[in-house]
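Asks: Below you'll find the structure I mean.
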Amino acid sequence: MTTLTIGKVAERAGVGVETVRFYEREGLIDEPPRGPSGYRHYPTSVVPRLLFIKRAKELGFTLNEIKELLSLRLDPETTCADVKQRAETKIADIKEKMRSLRRMKKALVKLTESCRGRGPVDDCPILDALDPQERKR
């Protein structure tokens, strides 16, 4: 069986060495056995798994959600409907985050429009809006 050093695994997956170690600690990949030299010897199969994790993160899945997806893949009882349901839940989460971000943007636009951008910081309407205690003084 061909094995790879952590550096080669990281390079092939396009992640950092610390990312590989982090995923080990989080249980997303198995900690590989160490050789007589003390170095870890990763199976080549860890690279596609890291690529799966990386892609899932890019799509917004959390590490816990990625663990679930990985475990679903191993469960012979899992159906495509199970995976689809998780993807649809993620879509709903993303939609809610987008609504929240639009509200934040609208509020910030309103605040920045109320600020002339000149004068002392004591008269800054943005800071005043963020600190309700200041407005009461």
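Ordered as shown in the structure tokens, chains take letters A, B, and onward, while each chain numbers its residues from 1 and ligands are numbered from 1 in the order shown.
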Could you pull out the strand (DSSP E or B) residues of chain A from DSSP and send them as a list in words?

Replies: Thr3, Leu4, Arg34, Arg40, Tyr42 and Pro43 of chain A

Asks: Mind listing the alpha helix (DSSP H) residues of range 19-133 of chain A, per DSSP on the backbone, as a ChimeraX atom specification?

Replies: /A:19-25,46-58,63-74,80-114,125-130,132-133

Asks: Might you pull out every residue within 7 Å of range 62-69 of chain A, with only C-alpha atoms counted and same-chain residues fewer than 3 positions away left off, and present them as an MDAnalysis selection string?

Replies: chainID A and resid 28 53 56:57 72:73

Asks: Can you tell me, as a ChimeraX atom specification, what residues are no more than 12 Å from Ile29 in chain A when counting only C-alpha atoms, ignoring any on the same chain fewer than 4 positions away?

Replies: /A:9,19-25,42-43,45-53,63,66-67,70-71
